[in-house]
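Content type mmCIF, C-alpha atoms, from the file final.cif:
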data_target
loop_
_atom_site.group_PDB
_atom_site.id
_atom_site.type_symbol
_atom_site.label_atom_id
_atom_site.label_comp_id
_atom_site.auth_asym_id
_atom_site.auth_seq_id
_atom_site.Cartn_x
_atom_site.Cartn_y
_atom_site.Cartn_z
ATOM 1 C CA MET A 1 -5.069 -33.945 4.338
ATOM 2 C CA LYS A 2 -6.703 -31.941 7.049
ATOM 3 C CA LEU A 3 -5.419 -28.438 7.548
ATOM 4 C CA SER A 4 -5.563 -26.626 10.876
ATOM 5 C CA PHE A 5 -7.145 -23.616 9.168
ATOM 6 C CA GLU A 6 -9.467 -22.626 6.391
ATOM 7 C CA ILE A 7 -8.606 -20.199 3.630
ATOM 8 C CA VAL A 8 -10.895 -17.181 3.592
ATOM 9 C CA PRO A 9 -11.205 -15.177 0.374
ATOM 10 C CA VAL A 10 -10.905 -11.431 0.871
ATOM 11 C CA PHE A 11 -10.715 -10.332 -2.760
ATOM 12 C CA GLU A 12 -10.646 -13.084 -5.331
ATOM 13 C CA LYS A 13 -11.195 -10.721 -8.220
ATOM 14 C CA GLY A 14 -8.518 -8.086 -7.754
ATOM 15 C CA PHE A 15 -7.248 -6.722 -11.041
ATOM 16 C CA ARG A 16 -3.641 -7.439 -10.096
ATOM 17 C CA THR A 17 -3.667 -9.418 -6.867
ATOM 18 C CA ARG A 18 -5.983 -11.977 -5.339
ATOM 19 C CA ILE A 19 -6.116 -11.657 -1.585
ATOM 20 C CA TYR A 20 -6.938 -14.317 0.991
ATOM 21 C CA THR A 21 -6.568 -14.744 4.708
ATOM 22 C CA PHE A 22 -6.760 -17.677 7.148
ATOM 23 C CA ARG A 23 -9.116 -18.614 9.925
ATOM 24 C CA LEU A 24 -7.642 -21.097 12.343
ATOM 25 C CA ASN A 25 -9.882 -23.974 13.384
ATOM 26 C CA GLY A 26 -11.678 -23.114 16.603
ATOM 27 C CA GLU A 27 -11.216 -19.368 16.177
ATOM 28 C CA VAL A 28 -14.070 -16.955 15.482
ATOM 29 C CA TYR A 29 -12.305 -14.404 13.341
ATOM 30 C CA SER A 30 -9.857 -14.761 10.475
ATOM 31 C CA GLU A 31 -6.373 -13.359 10.921
ATOM 32 C CA PHE A 32 -7.032 -10.315 8.739
ATOM 33 C CA LYS A 33 -10.393 -9.608 10.331
ATOM 34 C CA LYS A 34 -8.666 -9.464 13.714
ATOM 35 C CA PHE A 35 -6.511 -6.718 12.233
ATOM 36 C CA GLU A 36 -9.431 -4.889 10.634
ATOM 37 C CA ILE A 37 -11.391 -4.682 13.875
ATOM 38 C CA ASN A 38 -8.497 -4.008 16.235
ATOM 39 C CA PRO A 39 -9.297 -0.562 17.697
ATOM 40 C CA LYS A 40 -5.643 0.234 18.388
ATOM 41 C CA VAL A 41 -4.795 -0.544 14.793
ATOM 42 C CA ILE A 42 -7.738 1.374 13.349
ATOM 43 C CA SER A 43 -6.813 4.478 15.297
ATOM 44 C CA HIS A 44 -3.160 4.375 14.223
ATOM 45 C CA PRO A 45 -2.202 7.449 12.140
ATOM 46 C CA GLU A 46 -0.873 5.277 9.316
ATOM 47 C CA PHE A 47 -3.778 2.852 9.207
ATOM 48 C CA PHE A 48 -5.514 4.512 6.263
ATOM 49 C CA THR A 49 -2.239 4.704 4.375
ATOM 50 C CA LEU A 50 -1.883 0.957 4.816
ATOM 51 C CA ILE A 51 -5.453 0.293 3.684
ATOM 52 C CA SER A 52 -4.841 2.465 0.655
ATOM 53 C CA ARG A 53 -1.613 0.612 -0.146
ATOM 54 C CA ILE A 54 -3.354 -2.757 0.017
ATOM 55 C CA ASP A 55 -5.978 -1.425 -2.359
ATOM 56 C CA GLN A 56 -3.311 -0.253 -4.803
ATOM 57 C CA ILE A 57 -1.529 -3.610 -4.568
ATOM 58 C CA ARG A 58 -4.797 -5.354 -5.258
ATOM 59 C CA ASN A 59 -6.040 -3.241 -8.126
ATOM 60 C CA LYS A 60 -3.159 -1.443 -9.706
ATOM 61 C CA TYR A 61 0.364 -2.639 -9.113
ATOM 62 C CA GLY A 62 0.431 -6.197 -7.808
ATOM 63 C CA CYS A 63 2.711 -7.484 -5.053
ATOM 64 C CA ARG A 64 5.996 -5.895 -6.043
ATOM 65 C CA MET A 65 8.836 -7.074 -3.826
ATOM 66 C CA ASP A 66 9.848 -3.515 -2.965
ATOM 67 C CA TRP A 67 6.697 -3.008 -0.938
ATOM 68 C CA PHE A 68 7.324 -5.893 1.419
ATOM 69 C CA LYS A 69 9.918 -6.589 4.057
ATOM 70 C CA ASP A 70 11.168 -10.002 5.141
ATOM 71 C CA GLU A 71 9.940 -10.928 8.579
ATOM 72 C CA SER A 72 10.365 -14.663 8.995
ATOM 73 C CA GLU A 73 11.985 -15.134 12.372
ATOM 74 C CA PHE A 74 12.929 -18.781 12.713
ATOM 75 C CA TYR A 75 12.557 -20.660 9.482
ATOM 76 C CA LYS A 76 13.701 -17.788 7.286
ATOM 77 C CA ILE A 77 10.804 -18.304 4.933
ATOM 78 C CA ASP A 78 11.133 -15.814 2.089
ATOM 79 C CA ALA A 79 7.387 -15.518 1.608
ATOM 80 C CA ILE A 80 6.698 -14.294 5.155
ATOM 81 C CA LYS A 81 6.669 -10.525 4.952
ATOM 82 C CA ARG A 82 5.099 -7.408 6.260
ATOM 83 C CA ILE A 83 3.637 -4.684 4.096
ATOM 84 C CA LEU A 84 5.804 -1.593 4.306
ATOM 85 C CA CYS A 85 3.920 1.478 5.404
ATOM 86 C CA GLY A 86 5.648 4.696 6.374
ATOM 87 C CA ARG A 87 8.411 4.661 8.942
ATOM 88 C CA GLY A 88 6.056 4.042 11.776
ATOM 89 C CA ASP A 89 5.278 1.155 14.019
ATOM 90 C CA LEU A 90 2.177 -0.273 12.361
ATOM 91 C CA ARG A 91 2.672 -3.877 11.271
ATOM 92 C CA LEU A 92 0.635 -6.115 8.982
ATOM 93 C CA TYR A 93 2.128 -9.522 8.281
ATOM 94 C CA CYS A 94 1.402 -11.631 5.242
ATOM 95 C CA ILE A 95 2.469 -14.472 3.022
ATOM 96 C CA ARG A 96 3.469 -13.000 -0.309
ATOM 97 C CA TRP A 97 3.027 -16.079 -2.441
ATOM 98 C CA SER A 98 3.638 -14.442 -5.799
ATOM 99 C CA ASP A 99 3.262 -11.151 -7.654
ATOM 100 C CA SER A 100 -0.466 -11.788 -7.844
ATOM 101 C CA LEU A 101 -1.320 -13.880 -4.791
ATOM 102 C CA LEU A 102 -1.285 -12.551 -1.254
ATOM 103 C CA PHE A 103 -2.374 -14.077 2.049
ATOM 104 C CA LEU A 104 -2.941 -11.458 4.717
ATOM 105 C CA GLY A 105 -2.331 -12.238 8.346
ATOM 106 C CA ASP A 106 -2.853 -10.284 11.525
ATOM 107 C CA GLY A 107 -0.698 -7.438 12.747
ATOM 108 C CA GLY A 108 -0.495 -4.791 15.387
ATOM 109 C CA ILE A 109 1.634 -2.008 16.711
ATOM 110 C CA LYS A 110 5.283 -2.457 17.532
ATOM 111 C CA MET A 111 6.176 -1.652 21.115
ATOM 112 C CA PRO A 112 8.065 1.632 21.421
ATOM 113 C CA GLY A 113 11.819 1.409 21.755
ATOM 114 C CA THR A 114 12.048 -2.092 20.323
ATOM 115 C CA ASN A 115 13.518 -3.126 17.024
ATOM 116 C CA ARG A 116 13.540 -6.891 16.989
ATOM 117 C CA LEU A 117 10.503 -9.046 16.505
ATOM 118 C CA GLN A 118 11.549 -11.132 19.500
ATOM 119 C CA GLU A 119 11.097 -8.098 21.700
ATOM 120 C CA ASN A 120 7.434 -7.946 20.638
ATOM 121 C CA PRO A 121 5.810 -11.206 21.791
ATOM 122 C CA PRO A 122 2.319 -10.529 20.351
ATOM 123 C CA LEU A 123 3.769 -9.723 16.924
ATOM 124 C CA LEU A 124 6.180 -12.625 17.130
ATOM 125 C CA ALA A 125 3.231 -14.931 17.778
ATOM 126 C CA ILE A 126 1.522 -13.672 14.622
ATOM 127 C CA VAL A 127 4.615 -14.302 12.516
ATOM 128 C CA LYS A 128 5.072 -17.772 14.023
ATOM 129 C CA LYS A 129 1.457 -18.534 13.164
ATOM 130 C CA LEU A 130 2.058 -17.529 9.539
ATOM 131 C CA GLU A 131 5.213 -19.625 9.457
ATOM 132 C CA SER A 132 3.332 -22.682 10.597
ATOM 133 C CA ILE A 133 0.506 -22.009 8.097
ATOM 134 C CA TYR A 134 3.063 -21.674 5.330
ATOM 135 C CA LYS A 135 4.697 -24.963 6.294
ATOM 136 C CA GLU A 136 1.305 -26.656 6.335
ATOM 137 C CA LEU A 137 0.532 -25.318 2.868
ATOM 138 C CA MET A 138 3.857 -26.562 1.555
ATOM 139 C CA ASP A 139 3.390 -29.976 3.171
ATOM 140 C CA CYS A 140 -0.083 -30.210 1.681
ATOM 141 C CA MET A 141 1.234 -29.348 -1.783
ATOM 142 C CA GLN A 142 3.973 -31.929 -1.443
ATOM 143 C CA ASP A 143 1.887 -34.726 0.092
ATOM 144 C CA GLU A 144 -1.028 -34.370 -2.272
ATOM 145 C CA GLY A 145 0.960 -33.272 -5.288
ATOM 146 C CA ILE A 146 -1.252 -30.257 -5.841
ATOM 147 C CA THR A 147 -0.731 -26.571 -6.520
ATOM 148 C CA ILE A 148 -1.636 -23.638 -4.310
ATOM 149 C CA GLU A 149 -4.591 -22.964 -6.612
ATOM 150 C CA GLU A 150 -5.939 -26.417 -5.932
ATOM 151 C CA ILE A 151 -5.450 -25.938 -2.180
ATOM 152 C CA ILE A 152 -7.391 -22.682 -2.375
ATOM 153 C CA ARG A 153 -10.179 -24.454 -4.261
ATOM 154 C CA ARG A 154 -10.316 -27.322 -1.776
ATOM 155 C CA TYR A 155 -9.805 -25.535 1.507
ATOM 156 C CA SER A 156 -11.362 -22.134 1.093
ATOM 157 C CA ARG A 157 -14.617 -20.981 2.602
ATOM 158 C CA ARG A 158 -17.236 -20.241 -0.040
ATOM 159 C CA MET B 1 -12.342 -6.110 31.474
ATOM 160 C CA LYS B 2 -9.835 -4.470 29.211
ATOM 161 C CA GLY B 3 -10.419 -7.095 26.522
ATOM 162 C CA SER B 4 -14.173 -6.661 26.558
ATOM 163 C CA GLN B 5 -13.774 -2.905 26.360
ATOM 164 C CA LEU B 6 -11.595 -3.284 23.310
ATOM 165 C CA LYS B 7 -14.085 -5.617 21.720
ATOM 166 C CA LYS B 8 -16.973 -3.270 22.420
ATOM 167 C CA SER B 9 -14.993 -0.359 21.066
ATOM 168 C CA SER B 10 -14.154 -2.135 17.807
ATOM 169 C CA GLU B 11 -17.737 -3.234 17.370
ATOM 170 C CA ASP B 12 -18.760 0.395 17.719
ATOM 171 C CA ILE B 13 -16.473 1.260 14.846
ATOM 172 C CA LEU B 14 -17.098 -1.687 12.551
ATOM 173 C CA ASP B 15 -19.649 -4.449 12.312
ATOM 174 C CA VAL B 16 -17.650 -7.601 13.042
ATOM 175 C CA ASN B 17 -20.321 -9.726 11.395
ATOM 176 C CA LYS B 18 -19.375 -8.328 8.010
ATOM 177 C CA THR B 19 -16.977 -10.227 5.781
ATOM 178 C CA GLU B 20 -13.336 -9.254 5.502
ATOM 179 C CA ALA B 21 -14.023 -7.718 2.084
ATOM 180 C CA GLU B 22 -17.008 -5.732 3.327
ATOM 181 C CA LEU B 23 -15.007 -4.403 6.249
ATOM 182 C CA PHE B 24 -12.159 -3.535 3.932
ATOM 183 C CA LYS B 25 -14.435 -1.624 1.568
ATOM 184 C CA GLU B 26 -15.947 0.195 4.531
ATOM 185 C CA LEU B 27 -12.475 1.184 5.717
ATOM 186 C CA LEU B 28 -11.377 2.124 2.218
ATOM 187 C CA ALA B 29 -14.323 4.478 1.917
ATOM 188 C CA LYS B 30 -13.026 6.290 5.007
ATOM 189 C CA VAL B 31 -9.545 6.875 3.603
ATOM 190 C CA PRO B 32 -9.094 10.632 3.196
ATOM 191 C CA ASP B 33 -8.748 11.698 -0.435
ATOM 192 C CA ASP B 34 -5.343 13.284 0.102
ATOM 193 C CA VAL B 35 -4.031 10.071 1.675
ATOM 194 C CA SER B 36 -5.156 7.870 -1.214
ATOM 195 C CA ARG B 37 -3.756 10.337 -3.750
ATOM 196 C CA LEU B 38 -0.415 10.464 -1.942
ATOM 197 C CA VAL B 39 -0.197 6.672 -1.705
ATOM 198 C CA ASP B 40 -1.075 6.307 -5.380
ATOM 199 C CA LYS B 41 1.577 8.818 -6.428
ATOM 200 C CA GLN B 42 4.251 7.362 -4.142
ATOM 201 C CA MET B 43 3.623 3.861 -5.471
ATOM 202 C CA ALA B 44 3.475 5.056 -9.071
ATOM 203 C CA ILE B 45 6.811 6.836 -8.666
ATOM 204 C CA SER B 46 8.253 3.723 -7.033
ATOM 205 C CA VAL B 47 7.222 1.618 -10.042
ATOM 206 C CA ALA B 48 8.463 4.213 -12.522
ATOM 207 C CA VAL B 49 11.882 4.505 -10.858
ATOM 208 C CA SER B 50 12.257 0.757 -10.442
ATOM 209 C CA ASP B 51 11.365 0.062 -14.077
ATOM 210 C CA ALA B 52 13.595 2.872 -15.326
ATOM 211 C CA ILE B 53 16.592 1.539 -13.364
ATOM 212 C CA GLU B 54 16.022 -1.920 -14.837
ATOM 213 C CA LYS B 55 15.934 -0.523 -18.349
ATOM 214 C CA SER B 56 18.920 1.771 -17.771
ATOM 215 C CA ASN B 57 22.597 1.033 -18.211
ATOM 216 C CA PHE B 58 23.183 1.010 -14.482
ATOM 217 C CA LYS B 59 24.495 -2.348 -13.343
ATOM 218 C CA ASN B 60 22.156 -2.448 -10.376
ATOM 219 C CA ARG B 61 20.303 -0.254 -7.918
ATOM 220 C CA LYS B 62 23.392 0.299 -5.829
ATOM 221 C CA ALA B 63 25.246 1.685 -8.859
ATOM 222 C CA PHE B 64 22.333 3.991 -9.594
ATOM 223 C CA ALA B 65 22.209 5.245 -6.007
ATOM 224 C CA GLU B 66 25.948 5.906 -6.049
ATOM 225 C CA ALA B 67 25.705 7.740 -9.354
ATOM 226 C CA ILE B 68 23.256 10.249 -7.965
ATOM 227 C CA GLY B 69 24.940 10.489 -4.569
ATOM 228 C CA MET B 70 22.131 8.806 -2.712
ATOM 229 C CA LYS B 71 22.395 6.240 0.059
ATOM 230 C CA GLU B 72 21.180 2.815 -1.015
ATOM 231 C CA SER B 73 18.865 2.720 1.996
ATOM 232 C CA MET B 74 17.222 5.936 0.813
ATOM 233 C CA LEU B 75 16.703 4.454 -2.636
ATOM 234 C CA SER B 76 15.130 1.388 -1.018
ATOM 235 C CA ARG B 77 12.720 3.635 0.825
ATOM 236 C CA ILE B 78 11.851 5.443 -2.408
ATOM 237 C CA LEU B 79 11.267 2.117 -4.141
ATOM 238 C CA ALA B 80 9.121 1.044 -1.209
ATOM 239 C CA GLY B 81 6.966 4.092 -1.905
ATOM 240 C CA ASN B 82 7.717 5.335 1.558
ATOM 241 C CA VAL B 83 9.231 8.746 0.939
ATOM 242 C CA ASN B 84 7.795 12.199 0.519
ATOM 243 C CA LEU B 85 10.105 13.065 -2.364
ATOM 244 C CA THR B 86 11.214 16.543 -3.276
ATOM 245 C CA LEU B 87 11.096 17.760 -6.864
ATOM 246 C CA LYS B 88 14.846 18.156 -6.666
ATOM 247 C CA THR B 89 15.340 14.448 -5.914
ATOM 248 C CA ILE B 90 12.862 13.393 -8.591
ATOM 249 C CA THR B 91 14.590 15.587 -11.150
ATOM 250 C CA LYS B 92 17.993 14.233 -10.188
ATOM 251 C CA MET B 93 16.733 10.686 -10.744
ATOM 252 C CA GLU B 94 15.086 11.667 -14.032
ATOM 253 C CA SER B 95 18.289 13.216 -15.242
ATOM 254 C CA ALA B 96 20.405 10.169 -14.362
ATOM 255 C CA LEU B 97 17.864 7.799 -15.910
ATOM 256 C CA ASN B 98 17.263 10.069 -18.896
ATOM 257 C CA THR B 99 13.525 9.681 -18.566
ATOM 258 C CA ASN B 100 10.504 11.420 -17.136
ATOM 259 C CA ILE B 101 9.331 9.989 -13.853
ATOM 260 C CA ILE B 102 6.538 12.466 -13.376
ATOM 261 C CA SER B 103 4.821 14.829 -15.735
ATOM 262 C CA VAL B 104 2.660 17.826 -15.111
ATOM 263 C CA LYS B 105 -0.353 18.577 -17.241
ATOM 264 C CA SER B 106 0.331 21.546 -19.478
ATOM 265 C CA PHE B 107 -1.417 24.685 -18.462
ATOM 266 C CA LYS B 108 -4.558 24.605 -20.560
ATOM 267 C CA LEU B 109 -7.229 27.061 -21.433
ATOM 268 C CA ASP B 110 -9.416 26.127 -18.552
ATOM 269 C CA SER B 111 -10.644 29.245 -17.006
ATOM 270 C CA GLU B 112 -11.728 32.718 -17.593
ATOM 271 C CA HIS B 113 -10.764 35.200 -14.990
ATOM 272 C CA GLN B 114 -12.526 38.392 -14.294
ATOM 273 C CA VAL B 115 -10.257 41.382 -14.517
ATOM 274 C CA LYS B 116 -11.534 44.646 -13.243
ATOM 275 C CA SER B 117 -10.590 47.761 -15.085
ATOM 276 C CA GLN B 118 -10.596 51.125 -13.416
ATOM 277 C CA SER B 119 -14.163 51.701 -14.495
ATOM 278 C CA GLY B 120 -15.163 48.774 -12.332
ATOM 279 C CA LEU B 121 -16.514 46.711 -15.214
ATOM 280 C CA GLY B 122 -15.558 43.062 -15.210
ATOM 281 C CA LYS B 123 -13.772 41.964 -18.349
ATOM 282 C CA LYS B 124 -12.919 38.403 -19.211
ATOM 283 C CA VAL B 125 -9.327 37.335 -19.573
ATOM 284 C CA SER B 126 -8.403 33.932 -20.936
ATOM 285 C CA ILE B 127 -5.414 31.984 -19.707
ATOM 286 C CA TYR B 128 -3.568 30.101 -22.409
ATOM 287 C CA ASN B 129 -1.140 27.202 -22.483
ATOM 288 C CA SER B 130 1.872 29.412 -22.127
ATOM 289 C CA GLY B 131 0.590 30.574 -18.808
ATOM 290 C CA GLU B 132 0.476 34.134 -20.060
ATOM 291 C CA ALA B 133 -2.661 36.127 -19.786
ATOM 292 C CA ALA B 134 -3.978 37.252 -23.128
ATOM 293 C CA ILE B 135 -6.242 40.236 -23.058
ATOM 294 C CA PRO B 136 -7.324 40.550 -26.667
ATOM 295 C CA SER B 137 -9.784 43.373 -26.809
ATOM 296 C CA ILE B 138 -8.969 45.293 -23.686
ATOM 297 C CA ALA B 139 -5.230 45.013 -23.875
ATOM 298 C CA SER B 140 -4.308 48.594 -24.524
ATOM 299 C CA GLU B 141 -6.861 49.996 -22.088
ATOM 300 C CA ASP B 142 -5.910 47.710 -19.240
ATOM 301 C CA LYS B 143 -2.223 47.891 -20.002
ATOM 302 C CA ALA B 144 -2.492 51.567 -19.210
ATOM 303 C CA ASN B 145 -4.360 50.750 -16.023
ATOM 304 C CA TYR B 146 -1.815 48.204 -14.895
ATOM 305 C CA SER B 147 1.045 50.579 -15.419
ATOM 306 C CA LYS B 148 -0.479 53.186 -13.160
#
Translate this file's structure into structure tokens.
Amino acid sequence: MKLSFEIVPVFEKGFRTRIYTFRLNGEVYSEFKKFEINPKVISHPEFFTLISRIDQIRNKYGCRMDWFKDESEFYKIDAIKRILCGRGDLRLYCIRWSDSLLFLGDGGIKMPGTNRLQENPPLLAIVKKLESIYKELMDCMQDEGITIEEIIRRYSRR
Amino acid sequence: MKGSQLKKSSEDILDVNKTEAELFKELLAKVPDDVSRLVDKQMAISVAVSDAIEKSNFKNRKAFAEAIGMKESMLSRILAGNVNLTLKTITKMESALNTNIISVKSFKLDSEHQVKSQSGLGKKVSIYNSGEAAIPSIASEDKANYSK
């Protein structure tokens, strides 16, 4: 089965959580790299808090449910989340596969005065992208009768 | 134009040719020490409270929140590691859960302070666990000085 993306390892050797991201076919940067190099994101006051939280999730505590918020808009996919960070407007979306496996997506800054994802088209697009990636992963597991670990082995960039 | 400016700006900050992990490590190195300490403590407290509630006799989180007069949404924020908690709130939770959520290192013999007597000579004073200053050999002399 051909996927429309490749899986890019970010940290495969985290003490508690392995972290990956996706690079869509035809795109230059992976989803998480887009976030890491987004100047608006980098200059956000809570950016370093978020980076620090990801590091703690990776090395110390794992992906505890309390630190994520459901964000799936259309398909209500439980695994589509954002990492909670302060009460601000910085968003980083992800697929929380398990307590120890996390796929980071892109994110951005919520537009002021809006509460719903639908009111933020750029963020909505990121979530939709993750939803479609998740569906592709599930289809691949089902069609080929393989686990997520096998998908990572087969479809990740080395 | 705007897009290219953004791109240039981000390239100034970080080398986009680096891998995601390299960029992350570069960013992590820039996290201010107080921020990483705060995040670590908030997340540690979140884990401690969550685990203590699970082990407690409270039926669920809602029951725990009600027992300590806290809104469930506030408890969720605490468990998300998103709150700058007061000692009062921490203590209230500790009391209800009958456990220690945080502990403070006991005050150890870790320093010697210079105490100046009236003669201007520096004399060493050790600080002990109790937090009291013990002034073994100069006690009577300095006691008189302090009372003046």
Identify which of the residues A:Lys40, A:Gly145, A:Glu136, A:Ile83 lies closest to A:Glu6, counting all atoms listed in the file when measuring atom-to-atom distances.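 Using all atoms listed in the file, the shortest distance to A:Glu6 belongs to A:Glu136.
The space between atom CA of A:Ile7 and atom CA of A:Phe103 spans 8.9 Å.
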Could you please select, counting only C-alpha atoms, the residues of chain A within 10 Å of chain B and state them as a ChimeraX atom specification? /A:8-12,19-21,29-42,46-57,60-61,64-69,83-87
What is the distance between atom CA of A:Asn120 and atom CA of A:Arg91, in Å to one decimal?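 Between these atoms lies a distance of 11.3 Å.
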Atom CA of A:Asn115 sits from atom CA of A:Leu102 at a separation of 25.3 Å
Selection: 7 Å around B:Leu97, only C-alpha atoms, excl. self and same-chain fewer than 3 positions, as a PyMOL selection string: chain B and resi 52-53+56+93-94
So that all listed atoms of stretch 131-144 of chain A fit with 6 Å spare on each side, what axis-aligned box centre and edge lengths in Å, to one decimal, would you give as AutoDock Vina command-line options?
--center_x 2.1 --center_y -27.2 --center_z 4.2 --size_x 18.2 --size_y 27.1 --size_z 24.9
